[in-house]
$ cat run19.cif   # mmCIF, C-alpha atoms
data_run
loop_
_atom_site.label_atom_id
_atom_site.label_comp_id
_atom_site.auth_asym_id
_atom_site.auth_seq_id
_atom_site.Cartn_x
_atom_site.Cartn_y
_atom_site.Cartn_z
CA MET A 1216 0.00 0.00 0.00
CA SER A 1217 2.87 2.36 0.74
CA GLU A 1218 4.14 1.68 -2.77
CA ALA A 1219 0.84 3.03 -4.16
CA VAL A 1220 0.65 6.03 -1.85
CA VAL A 1221 4.37 6.86 -2.21
CA PRO A 1222 5.03 8.64 1.07
CA PRO A 1223 8.33 10.55 0.98
CA ARG A 1224 9.92 8.40 3.68
CA ALA A 1225 8.39 5.18 5.00
CA LEU A 1226 9.59 2.65 7.54
CA TRP A 1227 8.01 -0.78 7.09
CA VAL A 1228 7.69 -2.56 10.41
CA PRO A 1229 7.13 -6.32 10.95
CA PHE A 1230 4.64 -5.85 13.80
CA PRO A 1231 1.03 -7.03 14.12
CA LEU A 1232 -1.81 -4.72 13.10
CA GLY A 1233 -2.54 -2.33 15.93
CA ARG A 1234 1.07 -2.25 17.16
CA PRO A 1235 2.99 0.05 14.82
CA LEU A 1236 5.53 0.93 17.53
CA GLY A 1237 6.16 -2.76 18.12
CA ALA A 1238 6.31 -3.35 21.87
CA ILE A 1239 3.90 -2.39 24.65
CA ASN A 1240 5.28 -0.48 27.63
CA ASP A 1241 8.80 -0.57 26.18
CA PRO A 1242 9.81 3.07 25.70
CA GLU A 1243 13.32 2.26 24.45
CA PHE A 1244 12.08 -0.13 21.79
CA GLN A 1245 9.42 2.35 20.72
CA LYS A 1246 11.99 5.14 20.51
CA ASP A 1247 14.29 2.95 18.45
CA VAL A 1248 11.47 2.54 15.91
CA LEU A 1249 10.93 6.31 15.92
CA ARG A 1250 14.66 7.05 15.63
CA THR A 1251 14.94 4.70 12.67
CA ALA A 1252 12.00 6.39 10.95
CA PHE A 1253 13.36 9.86 11.70
CA GLY A 1254 16.75 8.73 10.40
CA LEU A 1255 15.24 8.68 6.92
CA LEU A 1256 15.06 12.48 7.15
CA ASP A 1257 18.86 12.46 6.90
CA THR A 1258 19.39 9.66 4.41
CA ALA A 1259 16.53 9.62 1.90
CA VAL A 1260 16.84 11.85 -1.15
CA GLU A 1261 13.81 10.44 -2.97
CA PRO A 1262 10.69 8.48 -1.92
CA THR A 1263 12.06 5.61 0.14
CA ILE A 1264 10.61 2.56 1.90
CA GLU A 1265 13.03 1.06 4.40
CA ASP A 1266 12.53 -2.14 6.38
CA TYR A 1267 12.83 -2.16 10.17
CA GLN A 1268 14.94 -5.22 10.90
CA ILE A 1269 14.16 -6.00 14.54
CA GLU A 1270 11.31 -8.23 15.67
CA ALA A 1271 9.10 -7.15 18.59
CA PRO A 1272 10.50 -8.62 21.82
CA ASP A 1273 7.09 -10.02 22.81
CA LYS A 1274 6.52 -11.84 19.51
CA GLY A 1275 5.05 -15.29 20.15
CA LEU A 1276 4.57 -14.83 23.91
CA SER A 1277 0.79 -15.25 23.59
CA ASP A 1278 0.87 -18.35 21.41
CA ASN A 1279 0.14 -20.69 24.29
CA TRP A 1280 -1.93 -18.33 26.44
CA VAL A 1281 -4.99 -19.77 28.15
CA CYS A 1282 -7.48 -17.94 30.33
CA PRO A 1283 -7.08 -19.02 33.97
CA LEU A 1284 -10.80 -18.56 34.65
CA ASN A 1285 -13.19 -21.41 34.06
CA LEU A 1286 -16.06 -19.49 32.53
CA GLY A 1287 -18.12 -22.31 31.19
CA PRO A 1288 -19.70 -23.62 29.20
CA GLU A 1289 -22.94 -23.08 31.10
CA SER A 1290 -25.78 -24.89 29.44
CA SER A 1291 -28.71 -23.76 31.56
CA GLY A 1292 -30.55 -20.46 31.48
CA SER A 1293 -31.23 -18.01 28.70
CA LEU A 1294 -28.47 -16.55 26.58
CA ALA A 1295 -28.87 -13.24 28.44
CA ASP A 1296 -28.56 -14.98 31.82
CA ARG A 1297 -25.45 -16.85 30.76
CA LEU A 1298 -23.84 -13.75 29.27
CA LEU A 1299 -24.64 -11.69 32.36
CA SER A 1300 -23.17 -14.41 34.55
CA GLU A 1301 -19.96 -14.34 32.52
CA VAL A 1302 -19.77 -10.55 32.59
CA GLY A 1303 -20.29 -10.64 36.34
CA ARG A 1304 -17.44 -13.09 36.87
CA LEU A 1305 -15.09 -10.82 34.95
CA ARG A 1306 -16.19 -7.65 36.73
CA PRO A 1307 -13.65 -7.58 39.60
CA TRP A 1308 -10.78 -7.98 37.13
CA ALA A 1309 -12.11 -5.36 34.73
CA MET A 1310 -12.55 -2.91 37.60
CA GLU A 1311 -9.00 -3.63 38.72
CA THR A 1312 -7.58 -2.79 35.29
CA ARG A 1313 -9.56 0.46 35.19
CA ARG A 1314 -8.26 1.31 38.65
CA GLU A 1315 -4.66 0.51 37.70
CA ARG A 1316 -4.70 2.35 34.39
CA GLY A 1317 -6.98 5.17 35.47
CA ARG A 1318 -8.70 4.90 32.10
CA THR A 1319 -10.77 2.63 29.90
CA LEU A 1320 -11.58 2.36 26.21
CA PHE A 1321 -15.13 1.23 27.06
CA GLY A 1322 -18.03 3.46 26.05
CA VAL A 1323 -17.76 4.20 22.32
CA SER A 1324 -21.23 2.67 21.80
CA GLY A 1325 -22.69 5.37 24.02
CA ALA A 1326 -22.92 3.23 27.16
CA ARG A 1327 -21.43 4.55 30.39
CA GLU A 1328 -18.78 2.58 32.22
CA ASP A 1329 -21.38 1.30 34.71
CA GLN A 1330 -23.78 0.09 32.00
CA VAL A 1331 -21.96 -3.06 30.90
CA ASP A 1332 -24.78 -5.29 32.15
CA GLN A 1333 -27.31 -3.36 30.08
CA LEU A 1334 -25.02 -3.64 27.08
CA ALA A 1335 -24.77 -7.41 27.56
CA GLN A 1336 -28.54 -7.75 27.95
CA THR A 1337 -29.06 -5.69 24.80
CA LEU A 1338 -26.66 -7.78 22.74
CA ALA A 1339 -28.15 -11.05 23.98
CA ALA A 1340 -31.67 -9.87 23.13
CA ILE A 1341 -30.56 -8.98 19.60
CA ALA A 1342 -28.86 -12.36 19.23
CA GLU A 1343 -32.00 -14.19 20.34
CA THR A 1344 -34.49 -12.18 18.28
CA GLY A 1345 -32.33 -11.55 15.21
CA GLU A 1346 -33.60 -7.96 15.17
CA VAL A 1347 -30.54 -6.15 13.84
CA THR A 1348 -31.99 -3.04 12.24
CA CYS A 1349 -34.23 -1.41 14.88
CA GLU A 1350 -32.62 0.64 17.65
CA PRO A 1351 -32.47 -1.38 20.89
CA ALA A 1352 -35.18 -0.58 23.38
CA ASN A 1353 -33.05 0.93 26.13
CA GLU A 1354 -33.91 4.48 27.08
CA GLU A 1355 -31.06 4.78 29.58
CA ILE A 1356 -28.28 4.55 26.97
CA ASP A 1357 -27.72 7.39 24.53
CA TRP A 1358 -26.59 5.29 21.58
CA ALA A 1359 -23.80 6.88 19.54
CA PHE A 1360 -24.58 5.02 16.30
CA ASP A 1361 -27.53 3.92 14.23
CA MET A 1362 -28.32 0.27 13.67
CA PRO A 1363 -26.92 -1.95 12.44
CA LEU A 1364 -23.49 -0.27 12.76
CA LEU A 1365 -24.24 0.17 16.49
CA LEU A 1366 -23.89 -3.61 16.84
CA ARG A 1367 -20.26 -3.43 15.90
CA HIS A 1368 -19.57 -0.90 18.67
CA ILE A 1369 -21.65 -2.71 21.31
CA ALA A 1370 -19.53 -5.75 20.49
CA ASP A 1371 -16.36 -3.74 20.73
CA ASP A 1372 -17.29 -2.26 24.11
CA LEU A 1373 -17.93 -5.75 25.46
CA ARG A 1374 -14.70 -7.06 23.92
CA THR A 1375 -12.89 -4.13 25.56
CA TYR A 1376 -14.42 -5.09 28.91
CA TYR A 1377 -13.19 -8.67 28.46
CA HIS A 1378 -9.74 -7.49 27.36
CA GLU A 1379 -9.49 -5.22 30.37
CA ALA A 1380 -10.57 -8.04 32.68
CA ILE A 1381 -7.90 -10.37 31.33
CA ALA A 1382 -5.22 -7.69 31.50
CA ALA A 1383 -5.42 -7.47 35.31
CA GLN A 1384 -4.91 -11.17 35.90
CA PRO A 1385 -1.57 -12.56 37.07
CA GLY A 1386 1.00 -13.35 34.41
CA THR A 1387 3.91 -11.87 32.56
CA SER A 1388 1.90 -10.04 29.91
CA PRO A 1389 -1.69 -9.93 28.70
CA PRO A 1390 -2.55 -11.96 25.59
CA ASP A 1391 -2.42 -10.39 22.15
CA HIS A 1392 -5.22 -9.92 19.62
CA ASP A 1393 -5.07 -13.44 18.22
CA ALA A 1394 -5.03 -15.12 21.62
CA LEU A 1395 -7.89 -12.96 22.86
CA ASN A 1396 -9.98 -13.83 19.83
CA ARG A 1397 -9.25 -17.54 20.17
CA TRP A 1398 -10.47 -17.28 23.74
CA ILE A 1399 -13.54 -15.13 23.10
CA PHE A 1400 -14.78 -17.13 20.12
CA GLY A 1401 -13.66 -20.51 21.43
CA GLU A 1402 -14.61 -20.39 25.09
CA THR A 1403 -16.96 -17.55 26.01
CA ILE A 1404 -20.67 -16.84 25.92
CA LEU A 1405 -19.81 -13.47 24.40
CA GLY A 1406 -18.30 -15.22 21.38
CA GLU A 1407 -21.39 -17.43 21.05
CA THR A 1408 -23.58 -14.31 21.24
CA LEU A 1409 -21.59 -12.42 18.62
CA VAL A 1410 -21.84 -15.31 16.17
CA LEU A 1411 -25.63 -15.37 16.63
CA VAL A 1412 -25.78 -11.61 16.00
CA ALA A 1413 -23.72 -12.14 12.85
CA ASP A 1414 -26.24 -14.77 11.76
CA GLY A 1415 -28.95 -12.15 12.21
CA LEU A 1416 -27.02 -9.78 9.97
CA THR A 1417 -26.77 -12.52 7.36
CA ARG A 1418 -30.57 -12.82 7.35
CA ALA A 1419 -31.17 -9.03 7.23
CA SER A 1420 -31.69 -8.83 3.50
CA ASP A 1421 -33.52 -5.50 3.85
CA SER A 1422 -30.37 -3.76 5.14
CA PRO A 1423 -27.76 -3.08 2.44
CA ILE A 1424 -25.07 -2.41 5.03
CA ALA A 1425 -25.74 -5.55 7.14
CA PRO A 1426 -23.19 -7.81 5.35
CA LEU A 1427 -20.49 -5.17 5.77
CA VAL A 1428 -21.32 -4.74 9.47
CA ARG A 1429 -21.02 -8.52 9.91
CA GLY A 1430 -17.49 -8.26 8.55
CA LEU A 1431 -16.74 -5.43 10.97
CA LEU A 1432 -18.25 -7.35 13.89
CA ILE A 1433 -16.15 -10.51 13.92
CA PRO A 1434 -12.39 -10.80 13.25
CA GLU A 1435 -11.31 -12.88 10.29
CA GLY A 1436 -11.38 -16.61 10.86
CA HIS A 1437 -13.85 -16.56 13.75
CA TYR A 1438 -17.23 -16.68 12.02
CA ARG A 1439 -18.25 -20.31 11.87
CA GLY A 1440 -14.74 -21.30 10.90
CA GLY A 1441 -14.26 -18.66 8.25
CA SER A 1442 -14.72 -15.06 7.28
CA ALA A 1443 -17.60 -12.81 8.30
CA PHE A 1444 -16.73 -10.37 5.54
CA PRO A 1445 -18.90 -10.47 2.40
CA GLU A 1446 -17.29 -11.38 -0.90
CA THR A 1447 -17.83 -7.84 -2.11
CA ALA A 1448 -18.33 -4.84 0.14
CA SER A 1449 -18.56 -1.21 -0.80
CA PHE A 1450 -17.52 1.41 1.71
CA PRO A 1451 -19.89 4.34 1.95
CA THR A 1452 -18.14 7.62 2.71
CA SER A 1453 -19.21 10.52 4.85
CA MET B 307 3.29 -2.97 8.34
CA VAL B 308 2.65 -6.55 9.36
CA ARG B 309 3.72 -9.48 7.21
CA LEU B 310 0.85 -10.78 5.13
CA SER B 311 2.02 -14.27 6.08
CA ASP B 312 1.32 -13.44 9.75
CA LEU B 313 -2.35 -12.70 9.05
CA HIS B 314 -5.36 -14.96 8.71
CA PRO B 315 -5.40 -16.09 5.05
CA VAL B 316 -8.68 -14.28 4.35
CA GLU B 317 -7.39 -11.02 5.80
CA SER B 318 -4.08 -11.46 4.00
CA ASP B 319 -5.84 -12.02 0.68
CA HIS B 320 -8.13 -9.07 1.34
CA LEU B 321 -5.22 -6.70 2.01
CA ARG B 322 -3.26 -8.01 -0.99
CA LYS B 323 -6.23 -7.28 -3.26
CA ARG B 324 -6.66 -3.87 -1.65
CA ALA B 325 -3.05 -3.02 -2.37
CA GLU B 326 -3.35 -4.16 -5.99
CA MET B 327 -6.50 -2.09 -6.53
CA MET B 328 -5.28 1.00 -4.70
CA PRO B 329 -4.86 3.89 -7.13
CA ALA B 330 -1.39 5.41 -7.23
CA ILE B 331 -1.49 8.94 -5.83
CA GLY B 332 2.12 9.95 -5.11
CA PRO B 333 4.71 11.20 -4.95
CA GLY B 334 4.12 14.61 -3.44
CA LYS B 335 6.45 17.57 -3.41
CA TRP B 336 9.83 16.70 -1.86
CA VAL B 337 10.50 18.76 1.25
CA THR B 338 13.64 18.72 3.36
CA PRO B 339 12.87 19.75 6.96
CA PRO B 340 15.31 21.39 9.36
CA ALA B 341 17.60 19.17 11.43
CA LEU B 342 15.58 16.89 13.70
CA ASP B 343 16.79 18.59 16.86
CA GLN B 344 15.33 21.80 15.50
CA ALA B 345 12.13 20.27 14.08
CA THR B 346 8.62 20.35 15.49
CA VAL B 347 6.89 16.98 15.09
CA ALA B 348 3.16 16.21 14.78
CA ILE B 349 1.50 12.79 14.76
CA VAL B 350 -1.06 11.88 12.11
CA SER B 351 -2.80 8.66 13.10
CA THR B 352 -5.23 6.47 11.17
CA ALA B 353 -6.20 4.40 14.21
CA GLY B 354 -9.59 6.08 14.70
CA ILE B 355 -8.36 7.63 17.96
CA HIS B 356 -10.20 10.60 19.43
CA ARG B 357 -11.11 12.25 22.67
CA ARG B 358 -14.14 10.80 24.43
CA MET B 359 -15.95 14.13 24.01
CA ASP B 360 -15.57 13.99 20.19
CA PRO B 361 -18.08 12.40 17.82
CA PRO B 362 -16.96 8.87 16.95
CA PHE B 363 -15.81 7.90 13.48
CA THR B 364 -18.21 5.94 11.34
CA VAL B 365 -17.96 3.76 8.23
CA GLY B 366 -16.22 5.72 5.49
CA SER B 367 -15.38 8.74 7.64
CA LEU B 368 -13.27 11.18 5.67
CA ASP B 369 -13.05 13.78 8.42
CA TYR B 370 -10.51 14.00 11.26
CA ARG B 371 -10.28 14.68 14.96
CA ILE B 372 -7.78 16.99 16.59
CA VAL B 373 -5.73 15.73 19.53
CA PRO B 374 -3.92 18.31 21.67
CA GLY B 375 -0.25 17.72 22.37
CA ASP B 376 -0.89 17.73 26.11
CA VAL B 377 -3.68 15.16 25.89
CA ASN B 378 -4.10 12.78 28.79
CA PHE B 379 -4.45 9.17 27.67
CA SER B 380 -7.52 8.81 29.89
CA ASP B 381 -9.32 11.12 27.45
CA LEU B 382 -8.68 8.93 24.39
CA VAL B 383 -10.87 6.20 22.93
CA VAL B 384 -10.87 4.30 19.62
CA SER B 385 -13.84 4.07 17.25
CA HIS B 386 -12.08 2.56 14.24
CA ILE B 387 -14.47 0.14 12.53
CA SER B 388 -12.11 -2.75 11.82
CA ALA B 389 -12.21 -5.80 14.07
CA ASN B 390 -8.90 -7.02 12.71
CA PHE B 391 -6.32 -5.00 14.58
CA ASP B 392 -5.18 -5.28 18.15
CA ARG B 393 -6.84 -2.47 20.07
CA SER B 394 -6.12 -4.26 23.35
CA ALA B 395 -2.55 -3.11 22.75
CA PHE B 396 -3.69 0.52 22.66
CA GLY B 397 -5.60 -0.14 25.87
CA GLN B 398 -2.42 -1.33 27.58
CA ASP B 399 -0.15 1.39 26.21
CA PRO B 400 -1.55 4.09 23.92
CA ASN B 401 2.01 4.93 22.82
CA ILE B 402 1.92 1.72 20.78
CA ALA B 403 -0.09 3.61 18.13
CA PHE B 404 -0.01 7.23 19.33
CA PRO B 405 3.52 7.75 20.67
CA ILE B 406 3.01 11.19 22.14
CA GLU B 407 4.86 10.36 25.37
CA ARG B 408 7.86 9.16 23.36
CA LEU B 409 7.89 12.45 21.44
CA ARG B 410 7.67 14.40 24.70
CA GLU B 411 10.68 12.46 26.01
CA MET B 412 12.62 13.03 22.79
CA ALA B 413 11.84 16.74 22.95
CA PHE B 414 12.96 16.84 26.59
CA THR B 415 16.31 15.26 25.73
CA GLY B 416 16.74 17.44 22.66
CA GLU B 417 16.48 14.67 20.05
CA ILE B 418 13.61 16.52 18.40
CA GLY B 419 13.03 20.23 18.52
CA ASP B 420 9.49 20.23 19.87
CA VAL B 421 6.16 18.43 19.98
CA ALA B 422 3.39 20.12 18.01
CA ARG B 423 0.52 21.78 19.82
CA TRP B 424 -1.98 19.76 17.75
CA HIS B 425 -2.04 16.25 16.31
CA TYR B 426 -4.55 14.67 13.95
CA SER B 427 -6.47 11.44 13.76
CA PHE B 428 -8.30 9.77 10.88
CA MET B 429 -10.03 6.46 10.50
CA GLY B 430 -8.10 4.23 8.15
CA ALA B 431 -9.40 1.24 6.18
CA MET B 432 -10.25 3.50 3.25
CA PRO B 433 -9.79 1.67 -0.06
CA ASP B 434 -9.09 4.88 -1.99
CA PRO B 435 -6.76 7.19 -0.03
CA SER B 436 -7.16 9.95 -2.63
CA ARG B 437 -10.53 10.66 -0.97
CA PHE B 438 -8.54 12.17 1.89
CA GLU B 439 -6.96 14.79 -0.37
CA GLU B 440 -9.15 17.68 0.73
CA THR B 441 -8.83 17.06 4.46
CA GLY B 442 -5.17 16.16 4.04
CA GLU B 443 -4.47 19.54 2.51
CA GLU B 444 -6.50 21.16 5.29
CA ILE B 445 -4.47 19.65 8.09
CA GLY B 446 -1.33 20.48 6.11
CA ARG B 447 -2.30 24.14 6.31
CA LEU B 448 -3.10 23.77 10.02
CA MET B 449 0.25 22.11 10.69
CA ALA B 450 2.07 24.85 8.81
CA LYS B 451 0.42 27.45 11.07
CA ASP B 452 1.38 25.32 14.08
CA GLY B 453 5.04 25.45 13.01
CA VAL B 454 5.20 21.74 12.25
CA ASP B 455 8.27 20.59 10.31
CA VAL B 456 7.78 16.82 10.39
CA ALA B 457 4.50 14.88 10.16
CA LEU B 458 4.85 11.41 11.67
CA LEU B 459 2.21 9.29 9.95
CA VAL B 460 1.34 6.29 12.09
CA PRO B 461 -0.97 3.81 10.36
CA VAL B 462 -2.39 1.05 12.48
#
$ encode --input "run19.cif" --output "structure tokens"
Amino acid sequence: MSEAVVPPRALWVPFPLGRPLGAINDPEFQKDVLRTAFGLLDTAVEPTIEDYQIEAPDKGLSDNWVCPLNLGPESSGSLADRLLSEVGRLRPWAMETRRERGRTLFGVSGAREDQVDQLAQTLAAIAETGEVTCEPANEEIDWAFDMPLLLRHIADDLRTYYHEAIAAQPGTSPPDHDALNRWIFGETILGETLVLVADGLTRASDSPIAPLVRGLLIPEGHYRGGSAFPETASFPTS
Amino acid sequence: MVRLSDLHPVESDHLRKRAEMMPAIGPGKWVTPPALDQATVAIVSTAGIHRRMDPPFTVGSLDYRIVPGDVNFSDLVVSHISANFDRSAFGQDPNIAFPIERLREMAFTGEIGDVARWHYSFMGAMPDPSRFEETGEEIGRLMAKDGVDVALLVPV
């Protein structure tokens, strides 16, 4: 892509998507990446793409990560009950991460930090009814998006809550994106719920954007063994 | 960024096709900035980062959000639409995609001249980057008024 855009000076880095500086909480490594990029200001005399040669020090650390909590599977109760039970078990850990960091990424859907249970109930209801185009009936949350795109952000807020819960648990470092997704879609009620919501988007033939939202809802490889993204998807612009 | 071989095959194939279909838009005018220890640096992110008070990005957003140089990480959230990048990393250490603390440290030690007053955030995942031309030129004018010498583009 850089070859098409032709930036004046580009440093290609071998790091996973979402980690362009390479290593979390490693200021020296991050500054080495920056220094290498800035070095192109002195050396490049025409559009240049240089490779960064050093792997991230935490590469592969999450390959064998497993969640220490035994969250299920629970077979009794409604989907909402099971999801709320799971969310409740994660709550002390999620609160601990928020306390430690003094911040959270939760809330982009419009839900407040203390409305995670309502968010879980809303998502479970949508999964059970398959109603993916009408705004959820919850007057206490000021939704930040219209349906069905809202689904993608409800999912992300809940994923954030799960990520933050896992991050506080004992261990050398929290799992990466791939390990988190293997856990969520392989072992949790949240993953089961998200797949059901994606099924609802598949059936929503009256919504032109529903197939695209399904692709934005579930990471590649986690929708019934394959891709949630439609074969062809056009991106509207605004 | 990222080796295609490290991605899920569907995502890898998707990005490869994207790259093949992406219209060529460069190169731009060649500019040589002052020496780095005299240069003011601004971050331009495509991670969909913004302050919690800002309107979130949506599908196909072509607009941008401003991020002040003295921003506190507790004010930042991410509304990028893609489910395929590691935002848990940003949750652990926002510098992983928005390295403002690293720039502050490098300004303090004199490696860079200064950190810009304002930084800029877009949502990436746009198949045709030429659609950003108008807003790109706009933030270019804003950065010029802010005394910015070097724009550090950080895709996610």
$ interface_residues --input "run19.cif" --of "chain A" --to "chain B" --cutoff "6 Å" --atoms "only C-alpha atoms" --output "compact mmCIF listing (two decimals) with C-alpha atoms, in the frame of the given file"
# COMPACT_ATOMS: atom_id res chain seq x y z
CA MET A 1216 0.00 0.00 0.00
CA ALA A 1219 0.84 3.03 -4.16
CA VAL A 1220 0.65 6.03 -1.85
CA VAL A 1221 4.37 6.86 -2.21
CA TRP A 1227 8.01 -0.78 7.09
CA VAL A 1228 7.69 -2.56 10.41
CA PRO A 1229 7.13 -6.32 10.95
CA PHE A 1230 4.64 -5.85 13.80
CA PRO A 1231 1.03 -7.03 14.12
CA LEU A 1232 -1.81 -4.72 13.10
CA GLY A 1233 -2.54 -2.33 15.93
CA ARG A 1234 1.07 -2.25 17.16
CA PRO A 1235 2.99 0.05 14.82
CA LEU A 1236 5.53 0.93 17.53
CA ILE A 1239 3.90 -2.39 24.65
CA ASN A 1240 5.28 -0.48 27.63
CA ARG A 1318 -8.70 4.90 32.10
CA LEU A 1320 -11.58 2.36 26.21
CA HIS A 1392 -5.22 -9.92 19.62
CA LEU A 1431 -16.74 -5.43 10.97
CA PRO A 1434 -12.39 -10.80 13.25
CA PHE A 1450 -17.52 1.41 1.71
CA PRO A 1451 -19.89 4.34 1.95
CA THR A 1452 -18.14 7.62 2.71
CA SER A 1453 -19.21 10.52 4.85
$ residues_around --input "run19.cif" --residues "Val347 (chain B)" --least-positions-apart "3" --cutoff "6 Å" --atoms "only C-alpha atoms" --output "mmCIF file with C-alpha atoms, keeping the file's coordinate frame"
data_model
loop_
_atom_site.group_PDB
_atom_site.id
_atom_site.type_symbol
_atom_site.label_atom_id
_atom_site.label_comp_id
_atom_site.auth_asym_id
_atom_site.auth_seq_id
_atom_site.Cartn_x
_atom_site.Cartn_y
_atom_site.Cartn_z
ATOM 1 C CA VAL B 421 6.160 18.430 19.980
ATOM 2 C CA ALA B 422 3.390 20.120 18.010
ATOM 3 C CA VAL B 454 5.200 21.740 12.250
ATOM 4 C CA VAL B 456 7.780 16.820 10.390
ATOM 5 C CA ALA B 457 4.500 14.880 10.160
#
$ atom_distance --input "run19.cif" --atom1 "CA of Ala1326 (chain A)" --atom2 "CA of Phe1400 (chain A)"
23.0 Å
$ atom_distance --input "run19.cif" --atom1 "CA of Ser1420 (chain A)" --atom2 "CA of Gly1401 (chain A)"
28.0 Å
$ resolve_selection --input "run19.cif" --expression "the PyMOL selection byres ((chain A and resi 1342) around 9)" --output "MDAnalysis selection string"
chainID A and resid 1294 1337:1341 1343:1347 1408:1415
$ resolve_selection --input "run19.cif" --expression "the PyMOL selection byres ((chain A and resi 1270-1282) around 7)" --output "PyMOL selection string"
chain A and resi 1229-1230+1237-1238+1268-1269+1283-1284+1390-1391+1394
$ atom_distance --input "run19.cif" --atom1 "CA of Pro1363 (chain A)" --atom2 "CA of Cys1349 (chain A)"
7.7 Å
$ resolve_selection --input "run19.cif" --expression "the PyMOL selection byres ((chain B and resi 375) around 7)" --output "list in words"
Val373, Pro374, Asp376, Val377, Val421, Ala422, Arg423, Trp424 and His425 of chain B
$ closest_residue --input "run19.cif" --among "B:Arg371, B:Gly430, B:Ser311, B:Thr415" --to "Met359 (chain B)" --atoms "all atoms listed in the file"
B:Arg371
$ residues_near_point --input "run19.cif" --point "(1.6, 26.0, 15.0)" --cutoff "10 Å" --atoms "all atoms listed in the file" --output "PDB file with C-alpha atoms, keeping the file's coordinate frame"
ATOM      1  CA  THR B 346       8.620  20.350  15.490  1.00  0.00           C
ATOM      2  CA  ALA B 348       3.160  16.210  14.780  1.00  0.00           C
ATOM      3  CA  ALA B 422       3.390  20.120  18.010  1.00  0.00           C
ATOM      4  CA  ARG B 423       0.520  21.780  19.820  1.00  0.00           C
ATOM      5  CA  TRP B 424      -1.980  19.760  17.750  1.00  0.00           C
ATOM      6  CA  ARG B 447      -2.300  24.140   6.310  1.00  0.00           C
ATOM      7  CA  LEU B 448      -3.100  23.770  10.020  1.00  0.00           C
ATOM      8  CA  MET B 449       0.250  22.110  10.690  1.00  0.00           C
ATOM      9  CA  ALA B 450       2.070  24.850   8.810  1.00  0.00           C
ATOM     10  CA  LYS B 451       0.420  27.450  11.070  1.00  0.00           C
ATOM     11  CA  ASP B 452       1.380  25.320  14.080  1.00  0.00           C
ATOM     12  CA  GLY B 453       5.040  25.450  13.010  1.00  0.00           C
ATOM     13  CA  VAL B 454       5.200  21.740  12.250  1.00  0.00           C
ATOM     14  CA  ASP B 455       8.270  20.590  10.310  1.00  0.00           C
TER      15      ASP B 455
END
